[in-house]
Amino acid sequence: MSAEARDKDQVANGGNLLSRPVKVVNIGLDRFAKELDEQSVPVVQVEWAPPAGGNAKLAALLAKLGS
Amino acid sequence: MTVVNEIRKGFYLDSVALMRISRSIVAMPDIEEAGLMIGTPANKQILREAGVLNAIGEGAAPGDLIIAVRAKTEAAAKACLVEAASLLDAPRRTSAGAAWRPRTLRAAKAQMPDLSVALISVPGAFAAAEALKAIRAGLDVMIFSDNVPVEQEVELKQEARTLGRLVMGPDCGTAIIGGVPLAFANVVPRGDIGIIGASGTGIQEISCLIARAGRGVSHAIGTGGRDLKADVGGITTLMALDLLDADPATNHIVIVSKPPAVEVAKAVLARVAKSAKPFTICFLGGDGKGMPGNAKAAVTLKQAAEVAVGKPLAGESIAPRPKQAGRKGAKVLRGLYSGGTLCAEAQIVLQGHQLAVTSNVPVPGANVLGNLSAVHSLIDLGDDEFTRGRPHPMIEPVVRDAPLIEALADKNVAVILMDIVLGYGGHADPAGHLAKVLASHGVKGGPAIIASVTGTSGDPQGLAGQTAALIAAGVVVCPSNADAAQLAAEIVKS
Amino acid sequence: MKKIEDANAETLKRMLSGDPVLVDCIPAGDAIPALKAGMILHSGPPIGWDRMCGPMRGAVTGIAVFEGWASDLADAEKRAAGGQFQFAPNHHHGAVGPMTGMTTLSQPVLVVENRTFGNRAYCAINEGLGKVMRFGGNDAEVLGRLAWMRDELGPALGRALRDMGGIPLKVLISRGLSMGDEMHQRNIACSSLLLRLLAPALARTMSDSKVLERCLDFIGRNDQFFLNVGMAMGKSITDPARGIESSSIVTAMCRNGTDFGIRVSGTGDRWFTAPVEMPVGLYFPGFSEKDANPDMGDSAIVETVGLGGFAMAAAPAVVGFVGAGPASEAANYTRLMGEIAVGINPEWTIPSLDYAGVPTGIDIRRVVATQIAPTINTGIAHRQPGVGQVGAGVVKAPMGCFEEALVAFAEKMGVA
């Protein structure tokens, strides 16, 4: 099985932390994503902000409603 | 003197970026103190204590940014606000026209559908919610954030267990998965030794020592500092054990942590006993009792690495070990640490020399900090009390400057003991920074300065260059933190 | 909450499965039986004379003169202030209208039938650029054009459309997207495609070639002719998605020049309002921000169904025109709107996004959580009545109405 086929197989089966190829979503500090990118590790940086702009009351409602 | 505050409604920038801006505006002429912080009650308290908060800043909501300045003159304060505004807006200007950045995990997943790991470093109050979304989306998670409520950690890890996903953290600084360093980690060769660690610098020190012994690491899994406490029950440690036990690339497993809660230790050791693989268990400060037949206890990080590679590390010195004396007439040792586990290891080594040690994070048998000039003290500068509202010393070595200058000047200090931690995530030139401080504040006939460098030749900072810079600055560089503590102990005892 | 996800899936399904067809053009009084003399439908959420902005008042007085309910503009103003006219939102009567959005008895309205659900929606015919009633214009030229539309163009369009058996709009939109329209600021492709389909039928159903020439010329000169068709289409698509229990999807966004209003499927016909914001954009020479009226019109119905600001990636030319940044960033507008939409429309795709569908179904939860407001492409009216359009730009839907809607929705879901 080629490396690519194996990767696909593992993703299809869910795989686990150690068996599937590391592809990172970085939520928070930019530098972590930048460093992964420099090492050619696939990474997506999320431009994160607190839910509901930090409004605790609305954030609590959102937590209950799901989103 | 004048205090000027400005608020930006509904503004968010991560605290490290804000602190960078704070630092550059505080250096402006006639500025006494300045800070940019998101208006949470805790942050407002910090600003209040710094004497930079006025009624405008007091009115900020948790979603607002406070720009707070205390200056000698009104004009200086105004100039400072203008500079802060331009720094705040600068990254946005440059990012205009840049590639699209998703705002949510959902959109990120649409962009890269086969994401495997979420690395989360948002403020602690929000981290668990993001982690929950990630595990539900089929991702494993590493939570770098600290200050996550323990009940959220428990809930999160329980759900993750049912979903078959691993949660590393909260407060997990280090992991190496399949050769990929996540957050604070060193570039170590791939090999057959797996590491499970509750502490980031513990994993870093062991993995670097393994690398220097010519061996490599299959995976290093961080668990977060509370995983082995009774509330959490070692959920992540036990799952990581299952993963490494089943991993064909792993032939030896190292576990490093503070001593777990009694019943958790029992569960972990019972799981270890079921494995056919050999283990090294380093419960720092523990008694090493009750090990199953396939496990050996290690007292220090260095010893853990030695057991794992199957040979002693002595003689692998990276710098000659000169005869060294402490400051004449001085008696006490001062440790100024950026790595919490390195600080713990040093305490254990000193205790092994029957030295009474104190620390802000005391290991069993050590006391809490008292009069620093009278007793041996080992300070973890990465502990919450120092990092509240400030960057971690591994990111920003400036944090160590003031205590270092104080120790250099303290006539009672015979030896200063320090750690330099390299690798991804860390400062670009920690040794260079330290050398500068020593050059401007070093004293003739001052204390002996002893350090070790946790790093490898593959690290972005480069082990050789960092070591050379320290030696040139008059620092005695030991091949491991345990060796450094050992040398420090010998000096204060002589 | 699973209940919400399921309800939203149903709402999205209804929106995506709509089959809007432009079927007719008839007097508003025939289309909307509730319309009677003295009754004026306007854009946006409910509003009375006292709170109306300048252009809206200008349009009201003009249309009252046009309908013969007042002798002149001054008389109309007196009557309006005296409470002699009955005001109601277009949205309460199955209709929509651009900018001031005047809809009254004798005006011809385009009829779009959603053949999947059998409902109909209405919108007046686009008057073209310059001094027009939708921007508050009300002089003799404006009223004269309306009279011609009533007497000649409207009936002609009605005959042609009935003769053709209607024009399916979904596929027309698909083609327009691939030709650089986003159906709000830019409708040149769709207007042309529509005229291409209409022309033979207009010729077939008309004996007087002079009238035919006037009709073809009027439509052919107006790049925005399709906008009003698209708006009626949007209304016909969103109406069947209204009132779905537990759904957090927006079914209408509109503005009356004073308030911005939204409706949410799960909270029924209740309006959630907040003060409208000022558009940001480019001004025609001689005009600037200080001349601008706050945002206005029912046209944001096109954003509600995934077009306009949501389909910006299809129309890079618009990005520059509306002052929203370099044209290369067009795709990012659509991607950003993807953050607040529950789905995509697989039939309305954008070539430059590798044929990804337009984001569809605005979820108030996502809007509030991300604080990303829907982007609306809009024209800018002069704040004085009668001057007309002074620019074009983008405007953000105010966050306040989404937050208010979220609180009401949470109460309805029993979690507040």
# chains A, B, ... in the order shown; residues from 1 in each chain; ligands from 1
>>> interface_residues(of="chain A", to="chain C", cutoff="7 Å", atoms="only C-alpha atoms", output="list of chain:residue names")
A:Pro51, A:Ala52, A:Gly53, A:Leu61, A:Leu62, A:Lys64, A:Leu65, A:Gly66, A:Ser67
>>> write_last_selection(atoms="N, CA, C and O atoms", output="compact mmCIF listing (two decimals), in the first residue's frame")
# COMPACT_ATOMS: atom_id res chain seq x y z
N PRO A 51 -16.39 33.99 21.78
CA PRO A 51 -17.76 33.90 21.29
C PRO A 51 -18.58 35.11 21.72
O PRO A 51 -18.42 35.61 22.84
N ALA A 52 -19.43 35.55 20.83
CA ALA A 52 -20.32 36.68 21.07
C ALA A 52 -19.51 37.91 21.50
O ALA A 52 -19.99 38.74 22.27
N GLY A 53 -18.29 38.04 20.99
CA GLY A 53 -17.47 39.20 21.28
C GLY A 53 -17.19 39.39 22.76
O GLY A 53 -16.92 40.50 23.20
N LEU A 61 -26.03 31.74 26.40
CA LEU A 61 -27.20 31.30 25.61
C LEU A 61 -26.73 30.45 24.43
O LEU A 61 -27.32 29.40 24.14
N LEU A 62 -25.67 30.89 23.78
CA LEU A 62 -25.15 30.15 22.62
C LEU A 62 -24.69 28.76 23.02
O LEU A 62 -24.88 27.79 22.29
N LYS A 64 -25.91 26.97 25.31
CA LYS A 64 -27.09 26.12 25.48
C LYS A 64 -27.74 25.77 24.15
O LYS A 64 -28.23 24.65 23.95
N LEU A 65 -27.74 26.72 23.24
CA LEU A 65 -28.41 26.49 21.95
C LEU A 65 -27.53 25.68 21.00
O LEU A 65 -28.03 25.11 20.04
N GLY A 66 -26.23 25.67 21.24
CA GLY A 66 -25.30 25.00 20.31
C GLY A 66 -25.17 25.84 19.06
O GLY A 66 -26.04 26.64 18.75
N SER A 67 -24.04 25.69 18.38
CA SER A 67 -23.94 26.46 17.14
C SER A 67 -22.85 25.90 16.24
O SER A 67 -22.13 25.04 16.57
>>> residues_around(residues="Trp69 in chain C", least_positions_apart="4", cutoff="7 Å", atoms="only C-alpha atoms", output="number ranges by chain")
C: 38, 64-65
>>> write_last_selection(atoms="all heavy atoms", output="PDB file, in the first residue's frame")
ATOM      1  N   GLY C  38     -55.359  54.784  -0.244  1.00  0.00           N
ATOM      2  CA  GLY C  38     -54.778  55.402   0.947  1.00  0.00           C
ATOM      3  C   GLY C  38     -53.804  54.507   1.689  1.00  0.00           C
ATOM      4  O   GLY C  38     -53.234  54.888   2.702  1.00  0.00           O
ATOM      5  N   ALA C  64     -48.469  59.402  -3.241  1.00  0.00           N
ATOM      6  CA  ALA C  64     -49.838  59.827  -2.921  1.00  0.00           C
ATOM      7  C   ALA C  64     -50.384  60.720  -4.032  1.00  0.00           C
ATOM      8  O   ALA C  64     -51.556  60.600  -4.428  1.00  0.00           O
ATOM      9  CB  ALA C  64     -49.848  60.561  -1.571  1.00  0.00           C
ATOM     10  N   VAL C  65     -49.518  61.591  -4.573  1.00  0.00           N
ATOM     11  CA  VAL C  65     -49.928  62.432  -5.701  1.00  0.00           C
ATOM     12  C   VAL C  65     -50.193  61.552  -6.922  1.00  0.00           C
ATOM     13  O   VAL C  65     -51.202  61.700  -7.624  1.00  0.00           O
ATOM     14  CB  VAL C  65     -48.849  63.492  -6.007  1.00  0.00           C
ATOM     15  CG1 VAL C  65     -49.190  64.244  -7.295  1.00  0.00           C
ATOM     16  CG2 VAL C  65     -48.704  64.465  -4.840  1.00  0.00           C
TER      17      VAL C  65
END
>>> residues_around(residues="range 292-298 of chain C", least_positions_apart="6", cutoff="8 Å", atoms="only C-alpha atoms", output="PDB file with N, CA and C atoms, in the first residue's frame")
ATOM      1  N   SER C  43     -40.731  49.858   2.362  1.00  0.00           N
ATOM      2  CA  SER C  43     -39.673  48.893   2.643  1.00  0.00           C
ATOM      3  C   SER C  43     -39.402  48.818   4.148  1.00  0.00           C
ATOM      4  N   GLY C  44     -38.731  47.744   4.539  1.00  0.00           N
ATOM      5  CA  GLY C  44     -38.242  47.619   5.914  1.00  0.00           C
ATOM      6  C   GLY C  44     -39.303  47.188   6.900  1.00  0.00           C
ATOM      7  N   CYS C  53     -37.401  58.603   7.304  1.00  0.00           N
ATOM      8  CA  CYS C  53     -36.295  59.448   6.866  1.00  0.00           C
ATOM      9  C   CYS C  53     -36.734  60.289   5.663  1.00  0.00           C
ATOM     10  N   PRO C  55     -35.853  60.619   2.323  1.00  0.00           N
ATOM     11  CA  PRO C  55     -36.239  59.996   1.058  1.00  0.00           C
ATOM     12  C   PRO C  55     -37.555  59.209   1.170  1.00  0.00           C
ATOM     13  N   VAL C  96     -41.973  42.928  -1.764  1.00  0.00           N
ATOM     14  CA  VAL C  96     -40.715  43.592  -1.401  1.00  0.00           C
ATOM     15  C   VAL C  96     -40.542  44.769  -2.350  1.00  0.00           C
ATOM     16  N   GLY C  97     -39.737  45.738  -1.916  1.00  0.00           N
ATOM     17  CA  GLY C  97     -39.470  46.877  -2.799  1.00  0.00           C
ATOM     18  C   GLY C  97     -38.098  47.452  -2.512  1.00  0.00           C
ATOM     19  N   PRO C  98     -37.377  47.881  -3.558  1.00  0.00           N
ATOM     20  CA  PRO C  98     -36.037  48.429  -3.317  1.00  0.00           C
ATOM     21  C   PRO C  98     -36.098  49.813  -2.697  1.00  0.00           C
ATOM     22  N   MET C  99     -35.056  50.167  -1.944  1.00  0.00           N
ATOM     23  CA  MET C  99     -34.903  51.484  -1.311  1.00  0.00           C
ATOM     24  C   MET C  99     -36.188  51.884  -0.583  1.00  0.00           C
ATOM     25  N   THR C 100     -36.889  52.946  -1.031  1.00  0.00           N
ATOM     26  CA  THR C 100     -38.097  53.341  -0.292  1.00  0.00           C
ATOM     27  C   THR C 100     -39.190  52.278  -0.431  1.00  0.00           C
ATOM     28  N   GLY C 101     -39.186  51.566  -1.547  1.00  0.00           N
ATOM     29  CA  GLY C 101     -40.057  50.405  -1.707  1.00  0.00           C
ATOM     30  C   GLY C 101     -41.548  50.688  -1.760  1.00  0.00           C
ATOM     31  N   MET C 231     -35.430  40.256  -6.364  1.00  0.00           N
ATOM     32  CA  MET C 231     -35.995  40.497  -5.024  1.00  0.00           C
ATOM     33  C   MET C 231     -37.306  39.731  -4.833  1.00  0.00           C
ATOM     34  N   MET C 253     -34.366  40.154   5.817  1.00  0.00           N
ATOM     35  CA  MET C 253     -33.567  41.285   6.306  1.00  0.00           C
ATOM     36  C   MET C 253     -34.012  42.479   5.474  1.00  0.00           C
ATOM     37  N   CYS C 254     -34.315  43.587   6.119  1.00  0.00           N
ATOM     38  CA  CYS C 254     -34.755  44.747   5.363  1.00  0.00           C
ATOM     39  C   CYS C 254     -34.557  46.006   6.186  1.00  0.00           C
ATOM     40  N   ARG C 255     -34.625  47.165   5.501  1.00  0.00           N
ATOM     41  CA  ARG C 255     -34.409  48.417   6.211  1.00  0.00           C
ATOM     42  C   ARG C 255     -35.323  49.484   5.647  1.00  0.00           C
ATOM     43  N   ASN C 256     -35.752  50.375   6.524  1.00  0.00           N
ATOM     44  CA  ASN C 256     -36.656  51.436   6.095  1.00  0.00           C
ATOM     45  C   ASN C 256     -35.976  52.811   6.128  1.00  0.00           C
ATOM     46  N   GLY C 257     -34.671  52.824   6.217  1.00  0.00           N
ATOM     47  CA  GLY C 257     -33.944  54.096   6.279  1.00  0.00           C
ATOM     48  C   GLY C 257     -33.795  54.600   7.696  1.00  0.00           C
ATOM     49  N   THR C 258     -34.530  53.988   8.612  1.00  0.00           N
ATOM     50  CA  THR C 258     -34.430  54.343  10.029  1.00  0.00           C
ATOM     51  C   THR C 258     -34.031  53.106  10.839  1.00  0.00           C
ATOM     52  N   VAL C 276     -30.405  51.459  11.603  1.00  0.00           N
ATOM     53  CA  VAL C 276     -29.623  51.098  10.409  1.00  0.00           C
ATOM     54  C   VAL C 276     -28.266  51.766  10.477  1.00  0.00           C
ATOM     55  N   GLU C 277     -27.318  51.158   9.772  1.00  0.00           N
ATOM     56  CA  GLU C 277     -25.980  51.733   9.738  1.00  0.00           C
ATOM     57  C   GLU C 277     -25.787  52.488   8.431  1.00  0.00           C
ATOM     58  N   MET C 278     -24.728  53.275   8.398  1.00  0.00           N
ATOM     59  CA  MET C 278     -24.406  53.999   7.169  1.00  0.00           C
ATOM     60  C   MET C 278     -23.616  53.080   6.250  1.00  0.00           C
ATOM     61  N   PRO C 279     -23.953  53.071   4.973  1.00  0.00           N
ATOM     62  CA  PRO C 279     -23.144  52.282   4.032  1.00  0.00           C
ATOM     63  C   PRO C 279     -21.751  52.885   3.898  1.00  0.00           C
ATOM     64  N   THR C 378     -25.249  47.568  -1.431  1.00  0.00           N
ATOM     65  CA  THR C 378     -26.388  48.478  -1.487  1.00  0.00           C
ATOM     66  C   THR C 378     -26.097  49.745  -2.270  1.00  0.00           C
ATOM     67  N   ILE C 380     -26.658  53.925  -2.383  1.00  0.00           N
ATOM     68  CA  ILE C 380     -26.741  54.950  -1.343  1.00  0.00           C
ATOM     69  C   ILE C 380     -27.614  56.092  -1.843  1.00  0.00           C
ATOM     70  N   ALA C 381     -28.658  56.399  -1.073  1.00  0.00           N
ATOM     71  CA  ALA C 381     -29.569  57.476  -1.447  1.00  0.00           C
ATOM     72  C   ALA C 381     -29.126  58.788  -0.807  1.00  0.00           C
ATOM     73  N   HIS C 382     -29.454  59.893  -1.468  1.00  0.00           N
ATOM     74  CA  HIS C 382     -29.231  61.207  -0.866  1.00  0.00           C
ATOM     75  C   HIS C 382     -30.207  61.364   0.301  1.00  0.00           C
ATOM     76  N   ARG C 383     -29.748  62.066   1.351  1.00  0.00           N
ATOM     77  CA  ARG C 383     -30.616  62.181   2.532  1.00  0.00           C
ATOM     78  C   ARG C 383     -31.780  63.136   2.292  1.00  0.00           C
ATOM     79  N   GLN C 384     -31.672  63.992   1.272  1.00  0.00           N
ATOM     80  CA  GLN C 384     -32.800  64.854   0.917  1.00  0.00           C
ATOM     81  C   GLN C 384     -33.681  64.132  -0.099  1.00  0.00           C
ATOM     82  N   VAL C 390     -26.704  58.634  -4.837  1.00  0.00           N
ATOM     83  CA  VAL C 390     -25.460  59.394  -4.811  1.00  0.00           C
ATOM     84  C   VAL C 390     -24.231  58.503  -4.737  1.00  0.00           C
ATOM     85  N   VAL C 395     -22.905  47.596   3.339  1.00  0.00           N
ATOM     86  CA  VAL C 395     -23.328  47.948   4.688  1.00  0.00           C
ATOM     87  C   VAL C 395     -23.424  46.651   5.481  1.00  0.00           C
TER      88      VAL C 395
END
>>> closest_residue(among="B:Ile235, B:Leu350, B:Ile31, B:Ala240", to="chain A", atoms="only C-alpha atoms")
B:Ala240
>>> atom_distance(atom1="CA of Asp192 in chain B", atom2="CA of Ala297 in chain B")
19.2 Å
>>> residues_around(residues="Phe66 in chain C", least_positions_apart="2", cutoff="10 Å", atoms="only C-alpha atoms", output="ChimeraX atom specification")
/C:60-64,68-73,104,106-107,138,140,142-144,146-147
>>> residues_around(residues="Pro292 in chain B", least_positions_apart="6", cutoff="9 Å", atoms="only C-alpha atoms", output="list in words")
Leu269, Ala270, Val272 and Ala273 of chain B
>>> write_last_selection(atoms="N, CA and C atoms", output="short mmCIF file (atom, residue, chain, number, x, y, z; two decimals), in the first residue's frame")
data_model
loop_
_atom_site.label_atom_id
_atom_site.label_comp_id
_atom_site.auth_asym_id
_atom_site.auth_seq_id
_atom_site.Cartn_x
_atom_site.Cartn_y
_atom_site.Cartn_z
N LEU B 269 -0.18 2.15 37.14
CA LEU B 269 0.80 1.07 37.25
C LEU B 269 0.17 -0.28 36.90
N ALA B 270 -1.11 -0.43 37.20
CA ALA B 270 -1.79 -1.68 36.83
C ALA B 270 -1.85 -1.82 35.31
N VAL B 272 0.28 -0.39 33.23
CA VAL B 272 1.65 -0.63 32.82
C VAL B 272 1.98 -2.13 32.91
N ALA B 273 1.53 -2.74 34.01
CA ALA B 273 1.83 -4.17 34.25
C ALA B 273 1.26 -5.06 33.16
#
>>> closest_atom_pairs(of="chain C", to="chain B", cutoff="9 Å", atoms="only C-alpha atoms", output="CSV")
residue,atom,partner,partner_atom,distance
C:Gly325,CA,B:Gly97,CA,8.6
C:Pro326,CA,B:Gly97,CA,7.5
C:Ser328,CA,B:Gly97,CA,7.4
C:Glu329,CA,B:Gly97,CA,6.3
C:Ala331,CA,B:Trp100,CA,8.6
C:Asn332,CA,B:Trp100,CA,6.1
C:Arg335,CA,B:Trp100,CA,7.9
C:Leu336,CA,B:Pro102,CA,7.6
C:Gly338,CA,B:Ala107,CA,7.6
C:Glu339,CA,B:Ala107,CA,6.3
C:Thr370,CA,B:Arg103,CA,7.4
